[in-house]
>>> print(open('coords13.txt').read())   # compact mmCIF, C-alpha atoms and all ligand atoms
# COMPACT_ATOMS: atom_id res chain seq x y z
CA MET A 1 117.14 89.82 19.23
CA ALA A 2 116.95 86.23 20.47
CA SER A 3 117.86 85.52 24.10
CA GLN A 4 121.11 83.69 23.22
CA GLU A 5 122.15 86.62 21.03
CA PHE A 6 121.31 89.05 23.87
CA THR A 7 123.48 87.05 26.28
CA TYR A 8 126.50 87.48 23.97
CA TRP A 9 125.60 91.14 23.42
CA LEU A 10 125.47 91.77 27.19
CA ALA A 11 128.81 90.02 27.75
CA GLY A 12 130.36 92.36 25.16
CA LEU A 13 128.84 95.39 26.86
CA ARG A 14 130.09 94.18 30.26
CA SER A 15 133.70 93.87 29.18
CA ARG A 16 133.73 97.17 27.26
CA ALA A 17 132.01 99.11 30.06
CA ALA A 18 134.51 97.80 32.61
CA LYS A 19 137.31 99.48 30.61
CA CYS A 20 135.62 102.91 30.42
CA ARG A 21 137.01 105.47 32.83
CA ASP A 22 134.93 108.53 31.91
CA GLY A 23 131.35 109.33 31.04
CA ASP A 24 131.92 110.33 27.42
CA SER A 25 133.65 107.09 26.49
CA LEU A 26 130.97 105.10 28.37
CA TRP A 27 128.16 106.85 26.48
CA HIS A 28 129.96 106.33 23.15
CA THR A 29 130.71 102.66 23.89
CA ALA A 30 127.16 101.80 24.98
CA ALA A 31 125.43 103.82 22.25
CA SER A 32 127.62 102.44 19.48
CA GLN A 33 126.81 98.92 20.70
CA GLY A 34 123.08 99.72 20.35
CA LEU A 35 122.00 100.18 23.98
CA LEU A 36 119.73 103.16 23.23
CA SER A 37 117.72 101.19 20.67
CA LEU A 38 117.67 97.86 22.53
CA ALA A 39 114.07 98.07 23.81
CA ILE A 40 112.66 99.25 20.48
CA PRO A 41 111.03 96.66 18.19
CA GLU A 42 113.08 95.65 15.15
CA SER A 43 110.19 96.83 12.94
CA ALA A 44 110.81 100.38 14.28
CA GLY A 45 114.55 100.22 13.73
CA GLY A 46 115.51 98.96 17.20
CA GLY A 47 117.29 95.96 18.63
CA GLY A 48 114.03 94.19 19.50
CA ALA A 49 115.27 92.83 22.84
CA GLY A 50 112.53 94.50 24.93
CA TYR A 51 112.36 96.57 28.11
CA GLU A 52 113.65 93.99 30.57
CA ALA A 53 116.74 93.48 28.42
CA ALA A 54 117.26 97.25 28.14
CA CYS A 55 116.99 97.62 31.93
CA LEU A 56 119.50 94.80 32.42
CA ALA A 57 121.85 96.55 29.99
CA LEU A 58 121.60 99.88 31.90
CA GLU A 59 122.14 98.01 35.18
CA THR A 60 125.20 96.26 33.74
CA LEU A 61 126.59 99.52 32.35
CA ALA A 62 126.47 101.13 35.81
CA GLN A 63 127.70 98.02 37.63
CA GLU A 64 130.76 97.48 35.42
CA SER A 65 131.80 101.12 35.03
CA GLY A 66 130.91 102.32 38.53
CA LEU A 67 129.77 105.59 36.89
CA SER A 68 126.32 106.75 37.97
CA GLY A 69 125.64 109.86 35.88
CA THR A 70 126.11 108.56 32.34
CA PRO A 71 123.76 105.54 32.61
CA PHE A 72 121.21 107.86 34.29
CA ALA A 73 121.50 110.39 31.44
CA MET A 74 121.17 107.64 28.82
CA ALA A 75 118.10 106.30 30.61
CA ALA A 76 116.59 109.82 30.71
CA GLN A 77 117.02 110.11 26.95
CA ALA A 78 115.64 106.62 26.28
CA TRP A 79 112.52 106.96 28.42
CA ALA A 80 111.62 110.67 28.25
CA CYS A 81 112.66 111.53 24.66
CA GLN A 82 112.76 108.40 22.56
CA GLU A 83 109.60 106.75 23.91
CA PRO A 84 107.36 109.79 23.20
CA LEU A 85 108.98 110.17 19.77
CA ILE A 86 108.20 106.54 18.96
CA GLU A 87 104.60 106.88 20.14
CA PHE A 88 103.72 110.35 18.81
CA GLY A 89 106.33 111.16 16.14
CA SER A 90 105.59 111.55 12.44
CA LYS A 91 107.71 109.75 9.84
CA PRO A 92 109.79 112.90 9.12
CA GLN A 93 110.28 113.43 12.90
CA HIS A 94 111.45 109.83 13.22
CA GLU A 95 113.95 110.33 10.42
CA LYS A 96 115.18 113.69 11.67
CA TYR A 97 115.36 112.96 15.41
CA LEU A 98 114.64 109.37 16.43
CA THR A 99 117.07 107.64 14.07
CA PRO A 100 120.14 109.66 15.23
CA LEU A 101 119.08 109.35 18.90
CA LEU A 102 118.80 105.56 18.66
CA ALA A 103 122.15 105.33 16.90
CA GLY A 104 123.91 107.50 19.49
CA ALA A 105 124.64 110.12 16.82
CA ALA A 106 122.57 112.74 18.70
CA LYS A 107 121.59 113.47 22.30
CA GLY A 108 118.10 114.32 23.48
CA ALA A 109 116.69 116.21 26.49
CA PHE A 110 113.21 116.49 27.96
CA ALA A 111 112.46 120.00 29.26
CA ALA A 112 109.33 120.35 31.36
CA THR A 113 110.39 121.65 34.80
CA GLU A 114 110.53 125.42 35.44
CA TYR A 115 111.76 127.44 38.40
CA ASP A 116 108.18 128.01 39.64
CA SER A 117 106.75 124.70 38.34
CA GLY A 118 108.41 121.64 39.86
CA SER A 119 105.94 119.23 41.46
CA ASP A 120 103.20 121.60 40.30
CA LEU A 121 104.31 121.03 36.72
CA LEU A 122 100.97 121.70 35.08
CA SER A 123 101.21 125.35 36.19
CA LEU A 124 104.15 125.86 33.80
CA SER A 125 104.37 129.27 32.18
CA THR A 126 106.44 128.65 29.03
CA ARG A 127 104.03 129.65 26.24
CA ALA A 128 103.70 129.24 22.51
CA VAL A 129 101.32 131.40 20.47
CA ARG A 130 100.65 131.56 16.74
CA ASP A 131 101.98 134.64 14.96
CA SER A 132 100.21 136.31 12.04
CA GLY A 133 102.06 134.03 9.61
CA GLY A 134 100.81 130.90 11.36
CA ARG A 135 104.17 130.01 12.96
CA TRP A 136 104.50 129.22 16.67
CA ARG A 137 106.40 131.70 18.87
CA LEU A 138 107.84 129.96 21.94
CA ASN A 139 108.90 131.92 25.06
CA GLY A 140 109.87 130.88 28.57
CA SER A 141 112.57 129.12 30.57
CA LYS A 142 113.34 125.61 31.80
CA THR A 143 115.57 124.18 34.50
CA PHE A 144 116.95 120.81 35.67
CA VAL A 145 117.14 119.62 32.05
CA THR A 146 119.12 116.35 32.04
CA ASN A 147 121.55 116.36 29.05
CA GLY A 148 120.63 120.04 28.58
CA PRO A 149 124.15 121.45 28.09
CA THR A 150 125.04 118.96 25.33
CA ALA A 151 121.72 117.88 23.77
CA ASP A 152 121.11 118.19 20.03
CA VAL A 153 117.33 118.21 20.37
CA PHE A 154 114.99 119.35 23.16
CA LEU A 155 111.47 118.13 23.77
CA ILE A 156 109.95 121.26 25.33
CA LEU A 157 106.58 121.36 27.05
CA ALA A 158 104.66 124.64 26.67
CA ARG A 159 101.20 126.09 27.21
CA THR A 160 99.34 126.81 23.99
CA ALA A 161 95.82 127.36 25.37
CA GLU A 162 94.41 128.52 28.70
CA GLY A 163 92.07 126.28 30.69
CA SER A 164 92.54 122.56 31.15
CA PRO A 165 96.13 121.24 30.92
CA LEU A 166 94.61 118.13 29.34
CA THR A 167 94.23 120.09 26.11
CA GLY A 168 96.20 123.30 26.76
CA LEU A 169 99.75 121.88 26.63
CA THR A 170 101.84 121.16 23.55
CA ALA A 171 105.21 119.43 23.13
CA PHE A 172 107.72 120.99 20.71
CA LEU A 173 110.84 119.43 19.19
CA VAL A 174 113.46 122.17 19.17
CA PRO A 175 116.91 121.46 17.71
CA ARG A 176 120.07 123.06 19.13
CA GLY A 177 120.91 126.10 17.06
CA THR A 178 117.31 127.27 16.71
CA PRO A 179 117.45 131.10 16.88
CA GLY A 180 116.24 132.23 20.31
CA LEU A 181 117.11 128.95 22.09
CA HIS A 182 119.75 129.85 24.69
CA ILE A 183 121.32 126.82 26.36
CA GLY A 184 122.81 127.40 29.81
CA MET A 185 126.02 125.96 31.25
CA ALA A 186 125.93 122.73 33.26
CA MET A 187 124.35 123.34 36.67
CA ASP A 188 126.68 123.00 39.65
CA LYS A 189 125.24 120.05 41.59
CA SER A 190 126.13 117.16 43.90
CA GLY A 191 125.90 113.55 42.77
CA LEU A 192 125.15 111.84 39.45
CA THR A 193 128.63 112.74 38.22
CA GLY A 194 128.72 112.57 34.44
CA ALA A 195 125.07 113.60 33.99
CA ASP A 196 124.88 117.26 33.01
CA LEU A 197 121.81 119.21 34.02
CA GLY A 198 121.11 122.58 32.46
CA THR A 199 118.78 125.49 31.95
CA LEU A 200 117.10 126.87 28.83
CA ASN A 201 116.05 130.41 28.07
CA ILE A 202 113.65 130.48 25.18
CA ASP A 203 113.33 133.86 23.56
CA ASP A 204 110.82 133.99 20.71
CA CYS A 205 111.79 130.72 18.98
CA ALA A 206 109.88 130.46 15.69
CA LEU A 207 108.57 126.94 15.15
CA ASP A 208 106.28 125.20 12.67
CA ASP A 209 103.56 122.61 13.03
CA SER A 210 106.11 120.06 11.82
CA ASP A 211 108.02 120.76 15.10
CA VAL A 212 105.01 119.80 17.23
CA LEU A 213 105.04 116.28 18.65
CA GLY A 214 101.64 114.59 18.55
CA GLY A 215 99.80 117.71 17.40
CA PRO A 216 98.75 120.89 19.22
CA GLY A 217 97.18 120.10 22.60
CA ALA A 218 98.80 116.66 22.90
CA GLY A 219 101.43 117.87 25.42
CA PHE A 220 99.79 116.29 28.45
CA ALA A 221 99.59 112.91 26.69
CA VAL A 222 103.25 113.23 25.66
CA LEU A 223 104.23 114.08 29.26
CA MET A 224 102.25 111.16 30.70
CA HIS A 225 103.74 108.75 28.17
CA ALA A 226 107.28 109.90 29.01
CA MET A 227 106.63 109.62 32.76
CA ARG A 228 105.10 106.14 32.46
CA TYR A 229 108.42 104.82 31.10
CA GLU A 230 110.76 107.13 33.02
CA ARG A 231 109.25 106.41 36.45
CA ALA A 232 109.30 102.68 35.77
CA PHE A 233 112.87 102.38 34.51
CA ILE A 234 114.97 105.45 35.39
CA LEU A 235 116.40 103.59 38.38
CA ALA A 236 117.64 100.57 36.41
CA PRO A 237 121.26 101.86 36.64
CA ALA A 238 120.89 102.23 40.44
CA LEU A 239 120.46 98.44 40.69
CA GLY A 240 123.89 97.96 39.12
CA LEU A 241 125.44 100.56 41.42
CA MET A 242 123.96 98.84 44.48
CA ALA A 243 125.20 95.43 43.31
CA ARG A 244 128.71 96.84 42.83
CA ALA A 245 128.67 98.60 46.21
CA LEU A 246 127.41 95.46 47.99
CA ARG A 247 130.16 93.32 46.48
CA GLN A 248 132.83 95.83 47.54
CA ALA A 249 131.34 96.19 51.03
CA VAL A 250 131.33 92.41 51.53
CA GLU A 251 134.98 92.27 50.42
CA HIS A 252 135.85 95.06 52.87
CA ALA A 253 134.03 93.33 55.74
CA ARG A 254 135.86 90.07 55.03
CA SER A 255 139.31 91.58 54.59
CA ARG A 256 139.45 94.18 57.39
CA SER A 257 139.89 93.00 60.96
CA GLN A 258 139.30 94.81 64.25
CA PHE A 259 139.75 93.30 67.74
CA GLY A 260 141.48 90.35 66.03
CA HIS A 261 138.49 89.31 63.91
CA PRO A 262 137.15 90.26 60.49
CA LEU A 263 134.38 92.88 60.47
CA ALA A 264 132.25 90.24 58.74
CA SER A 265 132.24 88.17 61.93
CA TYR A 266 130.34 90.89 63.86
CA ASP A 267 126.60 90.58 63.90
CA THR A 268 125.97 94.32 63.43
CA ILE A 269 127.98 94.32 60.18
CA ARG A 270 126.44 91.05 58.96
CA GLN A 271 122.93 92.38 59.60
CA ARG A 272 123.71 95.58 57.71
CA LEU A 273 125.00 93.68 54.69
CA VAL A 274 121.99 91.36 54.75
CA ARG A 275 119.58 94.32 54.92
CA MET A 276 121.41 95.87 51.93
CA HIS A 277 121.07 92.59 50.03
CA VAL A 278 117.33 92.47 50.82
CA SER A 279 116.87 96.08 49.65
CA LEU A 280 118.68 95.39 46.38
CA THR A 281 116.85 92.12 45.75
CA SER A 282 113.36 93.52 46.36
CA ALA A 283 114.08 96.63 44.26
CA ARG A 284 115.46 94.51 41.45
CA GLU A 285 112.58 92.02 41.52
CA LEU A 286 110.00 94.79 41.28
CA LEU A 287 111.74 96.74 38.52
CA HIS A 288 112.23 93.61 36.42
CA ALA A 289 108.60 92.54 36.95
CA THR A 290 107.55 96.02 35.81
CA ALA A 291 109.78 95.69 32.73
CA ARG A 292 108.04 92.42 31.92
CA CYS A 293 104.70 94.29 32.13
CA ALA A 294 106.04 96.77 29.57
CA ASP A 295 107.17 93.89 27.36
CA ALA A 296 103.64 92.45 27.62
CA GLY A 297 102.08 95.86 26.84
CA THR A 298 100.41 96.18 30.27
CA LEU A 299 102.48 98.93 31.94
CA ASP A 300 100.20 101.47 33.63
CA HIS A 301 100.86 104.69 35.57
CA GLY A 302 100.13 103.17 38.99
CA ARG A 303 102.71 100.45 38.42
CA SER A 304 105.30 102.97 37.20
CA SER A 305 104.83 105.18 40.28
CA LEU A 306 104.93 102.16 42.59
CA THR A 307 108.20 101.05 41.02
CA LYS A 308 109.77 104.51 41.21
CA LEU A 309 108.74 104.89 44.86
CA HIS A 310 109.86 101.42 45.96
CA VAL A 311 113.19 101.33 44.12
CA SER A 312 114.17 104.85 45.25
CA THR A 313 113.14 104.02 48.85
CA GLU A 314 115.22 100.82 48.87
CA PHE A 315 118.13 102.65 47.21
CA ASN A 316 118.05 105.18 50.07
CA ARG A 317 117.78 102.44 52.74
CA PHE A 318 120.73 100.65 51.15
CA CYS A 319 122.82 103.83 51.12
CA GLN A 320 122.01 104.61 54.76
CA GLU A 321 123.54 101.23 55.74
CA LEU A 322 126.54 101.31 53.41
CA PRO A 323 128.77 103.92 55.17
CA ASP A 324 128.53 102.05 58.49
CA VAL A 325 130.28 99.04 56.95
CA TYR A 326 133.30 101.27 56.26
CA GLY A 327 133.40 103.57 59.27
CA GLY A 328 135.73 106.51 58.56
CA TYR A 329 136.77 104.99 55.22
CA ALA A 330 133.26 105.81 53.95
CA LEU A 331 134.52 109.36 53.45
CA LEU A 332 137.25 108.28 51.02
CA PRO A 333 136.28 108.50 47.35
CA GLU A 334 137.45 104.95 46.57
CA THR A 335 134.64 103.40 48.62
CA GLY A 336 132.05 105.52 46.74
CA ALA A 337 129.79 105.30 49.82
CA THR A 338 129.04 109.00 50.27
CA ALA A 339 128.75 109.68 46.51
CA LEU A 340 126.19 106.88 46.23
CA LEU A 341 124.25 108.36 49.13
CA THR A 342 123.96 111.64 47.21
CA ASP A 343 122.75 109.75 44.12
CA ALA A 344 120.15 108.02 46.28
CA VAL A 345 118.91 111.36 47.64
CA ALA A 346 118.49 112.65 44.05
CA SER A 347 116.40 109.58 43.19
CA ARG A 348 113.71 110.82 45.60
CA TYR A 349 113.16 113.91 43.41
CA TYR A 350 113.65 113.30 39.67
CA SER A 351 110.72 112.02 37.58
CA GLY A 352 108.41 113.40 40.27
CA THR A 353 109.21 113.37 43.99
CA SER A 354 108.38 110.45 46.30
CA ASP A 355 105.54 112.57 47.72
CA MET A 356 104.08 112.88 44.21
CA GLN A 357 104.37 109.11 43.63
CA VAL A 358 102.50 108.55 46.93
CA LYS A 359 99.80 110.96 45.70
CA ILE A 360 99.41 109.04 42.42
CA ILE A 361 99.34 105.65 44.17
CA ALA A 362 96.83 106.94 46.76
CA GLU A 363 94.55 108.21 43.99
CA GLY A 364 94.77 104.77 42.35
CA LEU A 365 93.58 103.25 45.64
CA GLY A 366 90.58 105.56 45.58
CA LEU A 367 91.89 107.70 48.47
C1 LIG B 401 118.82 114.80 38.97
C2 LIG B 401 117.59 115.44 38.44
C3 LIG B 401 117.29 115.34 37.08
C4 LIG B 401 116.15 115.97 36.57
N1 LIG B 401 115.91 115.91 35.21
C5 LIG B 401 114.85 116.58 34.69
C6 LIG B 401 114.65 116.61 33.27
O1 LIG B 401 115.40 116.01 32.49
N2 LIG B 401 113.60 117.32 32.80
C7 LIG B 401 112.75 117.99 33.62
O2 LIG B 401 111.79 118.60 33.11
N3 LIG B 401 112.91 117.98 34.97
C8 LIG B 401 113.94 117.29 35.52
N4 LIG B 401 114.16 117.30 36.89
C9 LIG B 401 113.27 118.07 37.76
C10 LIG B 401 112.38 117.21 38.64
O3 LIG B 401 111.35 116.65 37.87
C11 LIG B 401 111.88 118.11 39.79
O4 LIG B 401 113.00 118.35 40.63
C12 LIG B 401 110.77 117.46 40.57
O5 LIG B 401 109.60 117.37 39.81
C13 LIG B 401 110.45 118.22 41.88
O6 LIG B 401 110.30 119.58 41.67
P1 LIG B 401 111.14 120.62 42.58
O7 LIG B 401 112.55 120.17 42.57
O8 LIG B 401 110.83 121.98 42.06
O9 LIG B 401 110.60 120.46 44.04
P2 LIG B 401 109.27 121.14 44.70
O10 LIG B 401 108.10 120.92 43.81
O11 LIG B 401 109.60 122.54 45.09
O12 LIG B 401 109.08 120.25 45.99
C14 LIG B 401 109.83 120.45 47.21
C15 LIG B 401 109.30 119.47 48.24
O13 LIG B 401 107.92 119.75 48.52
C16 LIG B 401 107.13 118.59 48.30
N5 LIG B 401 105.82 118.97 47.78
C17 LIG B 401 105.54 119.82 46.75
N6 LIG B 401 104.23 119.90 46.56
C18 LIG B 401 103.65 119.07 47.46
C19 LIG B 401 102.30 118.68 47.76
N7 LIG B 401 101.26 119.15 47.07
N8 LIG B 401 102.08 117.80 48.75
C20 LIG B 401 103.12 117.29 49.47
N9 LIG B 401 104.41 117.61 49.24
C21 LIG B 401 104.66 118.48 48.25
C22 LIG B 401 107.91 117.76 47.28
O14 LIG B 401 107.56 116.38 47.32
C23 LIG B 401 109.34 118.02 47.73
O15 LIG B 401 109.67 117.15 48.79
C24 LIG B 401 115.28 116.67 37.43
C25 LIG B 401 115.58 116.74 38.80
C26 LIG B 401 116.70 116.14 39.31
C27 LIG B 401 116.99 116.25 40.79
>>> encode(input="coords13.txt", output="structure tokens", more="lines below")
Ligand SMILES: Cc1cc2nc3c(=O)[nH]c(=O)nc-3n(C[C@H](O)[C@H](O)[C@H](O)COP(=O)(O)OP(=O)(O)OC[C@H]3O[C@@H](n4cnc5c(N)ncnc54)[C@H](O)[C@@H]3O)c2cc1C
Amino acid sequence: MASQEFTYWLAGLRSRAAKCRDGDSLWHTAASQGLLSLAIPESAGGGGAGYEAACLALETLAQESGLSGTPFAMAAQAWACQEPLIEFGSKPQHEKYLTPLLAGAAKGAFAATEYDSGSDLLSLSTRAVRDSGGRWRLNGSKTFVTNGPTADVFLILARTAEGSPLTGLTAFLVPRGTPGLHIGMAMDKSGLTGADLGTLNIDDCALDDSDVLGGPGAGFAVLMHAMRYERAFILAPALGLMARALRQAVEHARSRSQFGHPLASYDTIRQRLVRMHVSLTSARELLHATARCADAGTLDHGRSSLTKLHVSTEFNRFCQELPDVYGGYALLPETGATALLTDAVASRYYSGTSDMQVKIIAEGLGL
């Protein structure tokens, strides 16, 4: 997609997203316009606009709709399901799973986390073993699965050999309806309204080699590939939410007066709004620069972790300042200030916690 064409495309997305009042219609609107395939090269059936364009689209979707959960859930599908499928999927897997995901005709979920394996993910205990007929038998449970309650296909990480996780993990593509796959209800949670998180209980699912992504033992590579994109770009929608919140906070500061003068005339309020602007700008600059690395084929794990850590840190700084522009009105839903704070807290944990990003960056520094 040429840049002029993308500009028109984005304008169309902006006006349609602004009219969406609920998560389902936002997902349908964005997917039917091609958002989920935007970053994918045209040769692979995508829109060919690249990663920076896709991030801008996710940012716009959140900014215009004001909904945080749906753009987050779409981003989770794009980066943690579609990207590994593109990289490791066979032609039949592309036809069966990738094509409907890109078109918005199916939803995908990435299921790695378990109750006892969060940050310590490589200790996961979901297992697949070969039965006497050569089929895989998958058993275990998963939690915190974004899109879990409604997904049509699950990318499930399991142990298939003891010893090193580098070769002992395997990724399975498991469609909804597979006997033995029990999909839990949406988890009761705070924040990210519109993004459903769920649990899986996997009770002796019979799977074939054709359901394995990237071959037996490629699970670690699949996980790393997913995390390289997810950590880099999962916070693209947060940029749009911050931009929307900043605009509304500036309007509030200009329109509300106390002691006979607008709030915007008081230095404390002005400094807060400026610090919020700085947080948003630095987060946005870094995420977009990282997207340009991906477009140039030079995105590495260190850069992805750095981006996740910085953008989530600035998102949290921004949301610490925001309520103080509103005072008591911060508690009213129409300002969105406390809801956004909850979303910012969540951003410190998904795709690996901030502590884990620090660990990765420190290792990259040779520490
Ligand atoms: C909104 C949301 C969406 C998610 N979506 C998905 C999904 O789609 N698929 C999926 O598989 N998972 C998903 N997750 C799970 C997510 O990846 C985990 O929450 C995350 O990896 C942290 O694991 P935990 O929550 O078990 O925390 P824990 O690992 O229990 O960590 C608790 C605290 O201890 C710290 N800690 C742990 N170990 C160390 C250490 N060695 N050194 C220092 N500090 C440490 C952590 O940084 C954290 O602050 C999602 C989570 C959230 C919140």
>>> axis_aligned_box(input="coords13.txt", around="region 264-272 of chain A", padding_each_side="5 Å", output="lines of an AutoDock Vina configuration file")
center_x = 127.6
center_y = 91.9
center_z = 60.8
size_x = 19.3
size_y = 17.4
size_z = 16.2
>>> atom_distance(input="coords13.txt", atom1="CA of Arg137 (chain A)", atom2="atom C5 of ligand LIG 401 (chain B)")
23.5 Å
>>> residues_near_ligand(input="coords13.txt", ligand="ligand LIG 401 (chain B)", cutoff="6 Å", atoms="only C-alpha atoms and all ligand atoms", output="list in words")
Phe110, Ala111, Ala112, Thr113, Gly118, Ser119, Phe144, Val145, Thr146, Ala346, Tyr349, Tyr350, Ser351, Gly352, Thr353, Asp355 and Met356 of chain A
>>> residues_around(input="coords13.txt", residues="region 44-51 of chain A", least_positions_apart="5", cutoff="10 Å", atoms="all atoms listed in the file", output="number ranges by chain")
A: 1-3, 5-6, 34-39, 56-57, 86, 94, 98-99, 102-103, 229, 233, 288, 290-296
>>> atom_distance(input="coords13.txt", atom1="CA of Leu239 (chain A)", atom2="CA of Arg284 (chain A)")
6.4 Å
>>> closest_atom_pairs(input="coords13.txt", of="region 187-303 of chain A", to="region 168-178 of chain A", cutoff="10 Å", atoms="all atoms listed in the file", output="Markdown table")
| residue | atom | partner | partner_atom | distance |
| --- | --- | --- | --- | --- |
| A:Ile202 | CA | A:Thr178 | CA | 9.8 |
| A:Cys205 | CA | A:Thr178 | CA | 6.9 |
| A:Ala206 | CA | A:Thr178 | CA | 8.1 |
| A:Leu207 | CA | A:Val174 | CA | 7.9 |
| A:Asp208 | CA | A:Phe172 | CA | 9.2 |
| A:Asp209 | CA | A:Phe172 | CA | 8.9 |
| A:Ser210 | CA | A:Leu173 | CA | 8.8 |
| A:Asp211 | CA | A:Leu173 | CA | 5.1 |
| A:Val212 | CA | A:Phe172 | CA | 4.6 |
| A:Leu213 | CA | A:Ala171 | CA | 5.5 |
| A:Gly214 | CA | A:Ala171 | CA | 7.6 |
| A:Gly215 | CA | A:Thr170 | CA | 7.3 |
| A:Pro216 | CA | A:Thr170 | CA | 5.3 |
| A:Gly217 | CA | A:Thr170 | CA | 4.9 |
| A:Ala218 | CA | A:Thr170 | CA | 5.5 |
| A:Gly219 | CA | A:Thr170 | CA | 3.8 |
| A:Phe220 | CA | A:Leu169 | CA | 5.9 |
| A:Ala221 | CA | A:Leu169 | CA | 9.0 |
| A:Val222 | CA | A:Ala171 | CA | 7.0 |
| A:Leu223 | CA | A:Ala171 | CA | 8.2 |
>>> residues_around(input="coords13.txt", residues="region 320-336 of chain A", least_positions_apart="2", cutoff="10 Å", atoms="all atoms listed in the file", output="ChimeraX atom specification")
/A:66,241-242,245-246,248-250,252-253,256,263-264,268-273,275-276,314-318,338-341,344
>>> residues_around(input="coords13.txt", residues="Phe72 (chain A)", least_positions_apart="6", cutoff="7 Å", atoms="only C-alpha atoms", output="ChimeraX atom specification")
/A:195,234,237
>>> closest_residue(input="coords13.txt", among="A:Asp343, A:Glu363, A:Glu230, A:Glu42", to="Ala78 (chain A)", atoms="only C-alpha atoms")
A:Glu230
>>> atom_distance(input="coords13.txt", atom1="CA of Pro71 (chain A)", atom2="CA of Lys91 (chain A)")
28.2 Å
>>> residues_around(input="coords13.txt", residues="Ala106 (chain A)", least_positions_apart="4", cutoff="7 Å", atoms="all atoms listed in the file", output="PyMOL selection string")
chain A and resi 100-101+152
>>> write_last_selection(input="coords13.txt", atoms="C-alpha atoms", output="tab-separated table (two decimals), keeping the file's coordinate frame")
chain	number	residue	atom	x	y	z
A	100	PRO	CA	120.14	109.66	15.23
A	101	LEU	CA	119.08	109.35	18.90
A	152	ASP	CA	121.11	118.19	20.03
>>> closest_residue(input="coords13.txt", among="A:Thr342, A:Trp9, A:Thr160, A:Gln33", to="Lys189 (chain A)", atoms="only C-alpha atoms")
A:Thr342
>>> residues_around(input="coords13.txt", residues="Leu61 (chain A)", least_positions_apart="3", cutoff="10 Å", atoms="only C-alpha atoms", output="VMD selection string")
chain A and resid 10 13 to 18 20 26 to 27 29 to 30 35 55 to 58 64 to 68 70 to 71 236 to 237 240 to 241
>>> closest_residue(input="coords13.txt", among="A:Gly104, A:Gly140, A:Gly163, A:Gly89", to="Asp24 (chain A)", atoms="all atoms listed in the file")
A:Gly104
>>> closest_residue(input="coords13.txt", among="A:Arg228, A:Asp267, A:Val358, A:Phe259", to="Arg303 (chain A)", atoms="only C-alpha atoms")
A:Arg228
>>> closest_residue(input="coords13.txt", among="A:Pro149, A:Gln77, A:Ser25, A:Gln357", to="Asp188 (chain A)", atoms="all atoms listed in the file")
A:Pro149
>>> closest_residue(input="coords13.txt", among="A:Val311, A:Ala238, A:Ala75, A:Leu197", to="Ser354 (chain A)", atoms="all atoms listed in the file")
A:Val311
>>> build_atoms(input="coords13.txt", residues="region 192-203 of chain A", atoms="N, CA and C atoms", output="compact mmCIF listing (two decimals), in the frame of the given file")
# COMPACT_ATOMS: atom_id res chain seq x y z
N LEU A 192 125.38 112.18 40.86
CA LEU A 192 125.15 111.84 39.45
C LEU A 192 126.25 112.42 38.56
N THR A 193 127.49 112.21 38.97
CA THR A 193 128.63 112.74 38.22
C THR A 193 128.63 112.14 36.82
N GLY A 194 128.75 113.03 35.84
CA GLY A 194 128.72 112.57 34.44
C GLY A 194 127.39 112.88 33.77
N ALA A 195 126.36 113.16 34.57
CA ALA A 195 125.07 113.60 33.99
C ALA A 195 125.02 115.11 34.12
N ASP A 196 124.95 115.79 32.98
CA ASP A 196 124.88 117.26 33.01
C ASP A 196 123.44 117.72 33.01
N LEU A 197 123.14 118.60 33.96
CA LEU A 197 121.81 119.21 34.02
C LEU A 197 121.96 120.68 33.63
N GLY A 198 120.98 121.21 32.91
CA GLY A 198 121.11 122.58 32.46
C GLY A 198 119.82 123.35 32.46
N THR A 199 119.95 124.61 32.05
CA THR A 199 118.78 125.49 31.95
C THR A 199 118.60 125.91 30.50
N LEU A 200 117.39 126.33 30.17
CA LEU A 200 117.10 126.87 28.83
C LEU A 200 116.42 128.22 29.00
N ASN A 201 116.82 129.17 28.19
CA ASN A 201 116.05 130.41 28.07
C ASN A 201 115.55 130.45 26.64
N ILE A 202 114.25 130.58 26.52
CA ILE A 202 113.65 130.48 25.18
C ILE A 202 113.06 131.83 24.84
N ASP A 203 113.68 132.47 23.86
CA ASP A 203 113.33 133.86 23.56
C ASP A 203 112.80 133.96 22.12
